[in-house]
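Presented below is the structure to which this report refers.
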Amino acid sequence: MKVELTVNGKDITADVEDRTLLVHFLRDTADLTATNIGCDTTSCGACTVLLDGESIKSCTVLAAQADGRSVTTLEGLASDTGEMHPVQRAFHTEHGLQCGYCTPGMVMAIVSMLKENPSPTEAEVREGLEGNICRCTGYHNIVQAALTAAAAIGAQEAAQ
Amino acid sequence: MSILGTRVIRTEDPRLLTSGGVYVDDLREPELAGAVRATFVRSPVAHALITGIDASAALEQPGVVAVLTVADMTDLPEPPPVEPPADDAPPAEGPVPLGPPWSEPLLAVDRVRFVGEPVALVLTDSTYQGEDAAELVSVDYEQLPAVASIDAALAGESLLYPDAGTNVCTQGLGECTDDSIFAGCEVIVEGDVVNQRVACLPMEGRSTAAAFVNGKLTVWTSTQNAQISRLILTAIGLPPEAIRVVAPDVGGGFGAKIGVDRESIIIAWAAKHVGRPVRWVETRSENLLAMTQGRAQRHHIKIGGSRDGHIKAYRLDVIQDTGAYARMSGFLPMLTNLMAPGVYDIPAVQAGYKVVLTNATPIAAYRGAGRPEAAATIERAVDWFASEAGVDPAVVRKLNFIQPEQFPFVTKTGAPYDTGDYEAALDKVLVAADYEGLREQQQRRRDAGDTRQLGIGLASYVEITAADAGAGETAKVEVHDNGTATVYTGSSAHGQGHHTAFAMIVTAELGIPMDKIEVIHGDTDLIPDGIGTYASRSLQLGGSAVQKAAIEVKDEAARKAADLFEAAESDVELDSETGMWHIKGDPDKSLTWSQVASAADEGLIVANVRFTADRPTFPFGTHLSLVEVDTETGKVTLLRHVTADDAGPVLNPILLDGQRHGGIAQGAAQALCEEILYDVDGNPLTSTLADYAAITAAELPSFELLRSETPTPLNPMGVKGIGEAGTIGATPAVHNAVIDAVSYLGVRHIDMPMTPERVWTAIQQAKVSAQ
């Protein structure tokens, strides 16, 4: 079947098998490989992307379900001038990543979480990340990065 | 001021954070254009004879290139013959490779021994086609009784290897029957402690791509060591020089990616056999069935001592469930035996082990590999003993610690501890956590009959890092005529931050800025000789090698600079802050690295070294866990986790703490929730992440980390390893905390993982016993 998606601001039209998962569309058709696959039960969150601005696990959405909609992946997060998003920057300064495999999903989940709740408590961040598994960091610095990013986004908005 | 010891954020991160890593499935190398997808047909039964394989229906499916079975592997060389042991040889002890009758095939030959064992390989144009076609490969199985537990293995009614006549494949020589060591002990505790089977669970599973072009095989694989993988891959009948192994970005390893598994060897063979590039990326379900798992030991312990808390004797008898294939022979329980007495000076210690085969996924290294099991049990035993003796567990630890002036100290099991100050680490934690205050809070809740009780758990650990210190590690450092440096290391990063750490070492020695230093690892064409990353060895061996190479480069550069200055070599010096060469006492005359390197042959100053250490190092520390247990439901909440760890001088505190955080989470996960389970027929019950209780952010607190820095004399930087300390310290601290919370009800022990059901059951049983 034919699908038309906007991915990171670019229109992509392709003929895909009906059963094509969004994550495979992103990786194989759009050739955007930052989004990783970490499980087959919607448990780990490595494949988290934004669908019309909200985080979803792209292993549990068909490309067909995303037809006509807009997807943002890690590759589309930095500004046009290449400046990292505050969440990406906070992961860097807080050492929120080690092997990097869960990172794209974690970053996208936190971007979405902070849109819903711009100043979360530590407990709220931990609860919000329950669907994203990391095996390297013990979550300590990921949680710290989310809190640092929330503060940075808040300060940025206050300055505007 | 030196950059060493300062907080430097990682050079690896910007790429990983903006375009994502390049893992095996992300590779777009020209050699992999048109690569076929590999899908394994795996055994759905735990133990069976294969009586037939019919691939005809699968072969008719669209996109199917080939269906390969062991019958197609006629082009493999015979494995090297194994010398039979002499008739009078003693029983095998330690990590000898197991040959016939125990050997492990590539694709199953005529028998399968665990659910998930690879039986056939389907090659297709696309992934979805592979999943469809693999379903249609028909395999006939004649089922055999499964050996689904240690007890079933020991009973020997069903044998995995009938030719061997037993399910016990190796055992240690330690004797665990002489009870005289407990004579005169006023307090004796004896019991079983289970260190359950857990998944290593790197977020990227196993993945391998291979291409065979003009007689040369290139294998891209998710591994902790490209060079060892290359040696293993010679099994397909090519010499090492005809094989290039590349480790691209690797999404975690935790011990399960040391070398390569049989699946990766099959992929390499298939690429050569069909003459097309092949790519295999396992699913999580495959990963939980067939990637090696960890721990899986049952311990029988006996500990005895005086009523005032002095430990006189300790016995540890280990049975290692090694799964269906003894990948590591006796290596893991041998390390458990070696580390049995932990941080204590115990006058009499007995330790022994047996390794048994079961119809389950093979066991291999998992973060700590044999040492966490030792620490978990001695720390549990010490608490158990303290509780029986009625002495505070912190006091019992202090009474029995090996004292600072006793180092170097050789334990009764033969471990040569280098340096340590165990009481200092314990004291740091007791103060930081306010141990006295916590005990008072605990008492208040007990007195009030609160349904939510506090538990305080301690674990003082010592562990062995760089156990194979003599194998060392390689490094090559080059300074180019444009003033940049390149580091080639045999060590192999998969999240630890080697690129940042090793560049820091070079910049500290040579004064070349970090952004002009490139660190390269994991490509056997560029680095033919290397060992890789495991056993917390990277900084102390790999980092020491980088430092040694940098110093040799500096020495060579001094000679070039002296020539250029027309001065004596002893009169020139490098300012390691600025990276400028000077004549001593004449700061106005200077040369850049670019100028000095330009004077060398081919504009390159290079040093190629291997660093080896005489012995392993023994980092140590204490963890304190504070938990809340709901006595009505058995639910455990981990409230605080405070640690004091000592791995010698610190290179970069954020990398150090990152390793500690990850290790603590994995250690707590083993204590609280994670376990690989099988039913009585050997069917796995935890083969997806919906079933396997991987720990999440919601179940953990932020961690409180303290440290001290006791250097080792075994390498110039004085550093020890930190990669596994977290799992080693955290598991027993959390374990002891939960039991401490409910000990006042009469509970003496609960096996891990301490799920609400287990904790609730233990409380109910204690209530019944008390009546």
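Residue numbering restarts at 1 in every chain; chains get A, B, ... in the order shown in the structure tokens, and ligands count up from 1 in that same order.
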
Can you work out which residues from chain B touch chain A at a cut-off of 9 Å (counting only C-alpha atoms) and hand them back as a PyMOL selection string? chain B and resi 9-10+13-14+16-23+25-26+128+200-205+249-252+254+283-285+493-497+654-655+658-666+688-690+694-703

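The residue set within 8 Å of B:Ile188, counting only C-alpha atoms and dropping same-chain residues fewer than 2 places from it, reads Phe182, Cys185, Glu186, Glu190, Lys302, Ile303, Gly304, Gly305 and Phe385 of chain B.
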
Let me see the file: selected residues, C-alpha atoms, as a JSON list (two decimals), in the first residue's frame.
```
[["chain", "number", "residue", "atom", "x", "y", "z"],
["B", 182, "PHE", "CA", 33.66, -25.85, 63.04],
["B", 185, "CYS", "CA", 32.15, -22.63, 67.31],
["B", 186, "GLU", "CA", 29.44, -21.27, 69.64],
["B", 190, "GLU", "CA", 24.05, -23.65, 57.76],
["B", 302, "LYS", "CA", 28.15, -23.18, 56.77],
["B", 303, "ILE", "CA", 29.58, -20.41, 58.91],
["B", 304, "GLY", "CA", 30.62, -20.57, 62.52],
["B", 305, "GLY", "CA", 32.18, -18.43, 65.19],
["B", 385, "PHE", "CA", 25.62, -15.29, 61.50]]
```

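Here atom CA of B:Asp646 is placed at a distance of 5.8 Å from atom CA of B:Pro619.
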
Quick one: residues within 10 Å of B:Ala770, only C-alpha atoms, excluding same-chain residues fewer than 6 positions away - as a list in words?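 The residues satisfying every condition are Leu745, Gly746 and Gln764 of chain B.
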
Find the residues near B:Asp555: any atom within 12 Å, counting only C-alpha atoms, skip ones fewer than 6 places away on the same chain, and give them as a list in words.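 Listed by chain and then number, they are Glu509, Leu510, Lys548, Ala549, Ala561, Ala562, Glu569, Ser570, Val572, Glu573, Leu574, Trp581, Val596, Ile605, Val606 and Ala607 of chain B.
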
How many Å lie between atom CA of B:Ser576 and atom CA of B:Pro716, rounded to one decimal? 17.8 Å

Rounded to one decimal in Å, what is the spacing between atom CA of B:Glu602 and atom CA of B:Leu564? 16.2 Å

Just the residues within 6 Å of stretch 131-148 of chain B, please, counting only C-alpha atoms, with nothing from its chain fewer than 2 positions along; format it as a PyMOL selection string. chain B and resi 41+47-55+57-58+128-129+152-153+358-359+680-682

Excluding same-chain residues fewer than 5 positions from A:Ala64, what lies within 10 Å of it counting only C-alpha atoms, as a ChimeraX atom specification? /A:1-5,16-22,25,69

When you look at A:Ser112 with a cut-off of 8 Å (counting only C-alpha atoms), what residues show up, excluding the ones that are within fewer than 2 positions of it in the same chain? I need them as a list in words. Leu50, Gly53, Glu54, Ser55, Met108, Ala109, Ile110, Leu114, Lys115 and Glu116 of chain A

Enumerate, as a PyMOL selection string, the complete set of residues in stretch 194-231 of chain B that a backbone-based DSSP assignment places in helix (DSSP H, G or I). chain B and resi 226-231

Step one, run DSSP on the backbone; step two, keep only residues of stretch 342-559 of chain B assigned to strand (DSSP E or B); then write them as JSON, numbers by chain. {"B": [344, 348, 349, 350, 351, 352, 353, 354, 355, 356, 363, 401, 409, 410, 416, 417, 452, 453, 454, 455, 456, 457, 458, 459, 460, 461, 462, 465, 473, 474, 475, 476, 477, 478, 479, 480, 485, 486, 487, 488, 489, 517, 518, 519, 520, 521, 523]}

Expected file contents, prior selection, N, CA and C atoms, as a CSV table (one decimal), in the first residue's frame:
```
chain,number,residue,atom,x,y,z
B,344,TYR,N,37.1,-10.8,54.7
B,344,TYR,CA,37.3,-11.3,56.1
B,344,TYR,C,38.5,-12.1,56.2
B,348,ALA,N,39.7,-20.5,59.0
B,348,ALA,CA,39.5,-21.8,58.2
B,348,ALA,C,38.4,-21.6,57.2
B,349,VAL,N,38.8,-21.9,55.9
B,349,VAL,CA,37.8,-21.7,54.8
B,349,VAL,C,37.9,-23.0,53.9
B,350,GLN,N,36.7,-23.5,53.6
B,350,GLN,CA,36.6,-24.6,52.6
B,350,GLN,C,35.8,-24.1,51.5
B,351,ALA,N,36.2,-24.4,50.3
B,351,ALA,CA,35.4,-24.1,49.1
B,351,ALA,C,35.5,-25.1,48.0
B,352,GLY,N,34.4,-25.5,47.4
B,352,GLY,CA,34.5,-26.4,46.3
B,352,GLY,C,33.4,-26.2,45.3
B,353,TYR,N,33.4,-26.8,44.2
B,353,TYR,CA,32.3,-26.6,43.2
B,353,TYR,C,32.1,-27.9,42.3
B,354,LYS,N,30.9,-27.9,41.8
B,354,LYS,CA,30.6,-28.9,40.7
B,354,LYS,C,29.9,-28.1,39.6
B,355,VAL,N,30.1,-28.5,38.4
B,355,VAL,CA,29.4,-27.9,37.2
B,355,VAL,C,28.5,-28.9,36.6
B,356,VAL,N,27.2,-28.6,36.6
B,356,VAL,CA,26.2,-29.5,36.0
B,356,VAL,C,25.5,-28.9,34.8
B,363,ILE,N,25.2,-20.8,30.2
B,363,ILE,CA,25.6,-19.7,31.2
B,363,ILE,C,27.0,-19.3,30.8
B,401,PHE,N,37.2,-8.0,59.6
B,401,PHE,CA,37.9,-7.4,58.4
B,401,PHE,C,39.4,-7.8,58.4
B,409,PHE,N,47.8,-9.4,51.2
B,409,PHE,CA,47.3,-10.4,52.0
B,409,PHE,C,46.8,-11.6,51.1
B,410,VAL,N,47.2,-12.8,51.4
B,410,VAL,CA,46.8,-13.9,50.6
B,410,VAL,C,45.7,-14.7,51.4
B,416,PRO,N,45.4,-13.2,46.1
B,416,PRO,CA,46.5,-12.3,46.5
B,416,PRO,C,46.0,-10.8,46.5
B,417,TYR,N,45.3,-10.4,47.6
B,417,TYR,CA,44.8,-9.0,47.7
B,417,TYR,C,45.9,-8.0,47.7
B,452,ARG,N,4.5,-0.8,57.4
B,452,ARG,CA,5.6,-0.6,56.5
B,452,ARG,C,6.9,-0.5,57.3
B,453,GLN,N,7.7,-1.5,57.2
B,453,GLN,CA,8.9,-1.6,58.1
B,453,GLN,C,10.2,-1.3,57.3
B,454,LEU,N,11.1,-0.7,58.0
B,454,LEU,CA,12.4,-0.3,57.4
B,454,LEU,C,13.4,-1.5,57.6
B,455,GLY,N,14.2,-1.6,56.5
B,455,GLY,CA,15.3,-2.6,56.6
B,455,GLY,C,16.6,-1.9,56.2
B,456,ILE,N,17.7,-2.2,56.9
B,456,ILE,CA,19.0,-1.7,56.6
B,456,ILE,C,19.9,-2.8,56.2
B,457,GLY,N,20.5,-2.8,55.0
B,457,GLY,CA,21.4,-3.9,54.6
B,457,GLY,C,22.8,-3.4,54.3
B,458,LEU,N,23.8,-4.1,54.8
B,458,LEU,CA,25.2,-3.8,54.5
B,458,LEU,C,25.8,-4.8,53.7
B,459,ALA,N,26.7,-4.4,52.8
B,459,ALA,CA,27.6,-5.4,52.1
B,459,ALA,C,29.0,-4.8,52.0
B,460,SER,N,30.0,-5.4,52.5
B,460,SER,CA,31.3,-5.0,52.3
B,460,SER,C,32.0,-6.0,51.3
B,461,TYR,N,32.5,-5.5,50.2
B,461,TYR,CA,32.9,-6.4,49.2
B,461,TYR,C,34.4,-6.2,48.9
B,462,VAL,N,35.0,-7.2,48.3
B,462,VAL,CA,36.3,-7.0,47.6
B,462,VAL,C,36.1,-7.8,46.3
B,465,THR,N,39.8,-7.6,39.8
B,465,THR,CA,39.7,-7.0,38.5
B,465,THR,C,41.0,-7.3,37.7
B,473,GLU,N,47.3,-5.7,27.6
B,473,GLU,CA,46.6,-5.0,26.5
B,473,GLU,C,47.5,-4.3,25.6
B,474,THR,N,47.1,-4.0,24.4
B,474,THR,CA,48.0,-3.4,23.4
B,474,THR,C,47.6,-1.9,23.2
B,475,ALA,N,48.5,-1.1,22.8
B,475,ALA,CA,48.2,0.3,22.4
B,475,ALA,C,49.2,0.8,21.4
B,476,LYS,N,48.8,1.6,20.5
B,476,LYS,CA,49.7,2.3,19.6
B,476,LYS,C,49.3,3.7,19.6
B,477,VAL,N,50.3,4.6,19.8
B,477,VAL,CA,50.0,6.0,19.8
B,477,VAL,C,50.9,6.6,18.6
B,478,GLU,N,50.2,7.4,17.8
B,478,GLU,CA,50.9,8.1,16.7
B,478,GLU,C,50.7,9.6,16.9
B,479,VAL,N,51.8,10.4,16.6
B,479,VAL,CA,51.6,11.8,16.5
B,479,VAL,C,52.0,12.2,15.1
B,480,HIS,N,51.1,12.9,14.4
B,480,HIS,CA,51.3,13.2,13.0
B,480,HIS,C,51.9,14.6,12.8
B,485,ALA,N,47.0,13.5,17.1
B,485,ALA,CA,47.4,12.2,17.6
B,485,ALA,C,46.3,11.1,17.3
B,486,THR,N,46.8,9.9,17.1
B,486,THR,CA,45.8,8.8,16.9
B,486,THR,C,46.2,7.7,17.9
B,487,VAL,N,45.2,7.2,18.6
B,487,VAL,CA,45.4,6.1,19.5
B,487,VAL,C,44.7,4.9,19.0
B,488,TYR,N,45.4,3.8,18.9
B,488,TYR,CA,44.8,2.5,18.5
B,488,TYR,C,44.9,1.6,19.8
B,489,THR,N,43.7,1.1,20.2
B,489,THR,CA,43.7,0.3,21.4
B,489,THR,C,43.1,-1.0,21.2
B,517,ILE,N,42.8,14.5,19.2
B,517,ILE,CA,43.2,13.1,19.5
B,517,ILE,C,42.1,12.2,19.0
B,518,GLU,N,42.4,11.3,18.2
B,518,GLU,CA,41.4,10.3,17.7
B,518,GLU,C,41.7,9.0,18.4
B,519,VAL,N,40.6,8.3,18.9
B,519,VAL,CA,40.8,7.0,19.5
B,519,VAL,C,40.1,5.9,18.6
B,520,ILE,N,40.9,4.9,18.2
B,520,ILE,CA,40.3,3.9,17.3
B,520,ILE,C,40.4,2.5,18.0
B,521,HIS,N,39.3,1.8,17.9
B,521,HIS,CA,39.3,0.4,18.5
B,521,HIS,C,38.5,-0.5,17.6
B,523,ASP,N,38.9,-3.0,15.2
B,523,ASP,CA,39.1,-3.3,13.8
B,523,ASP,C,40.4,-4.1,13.6
```
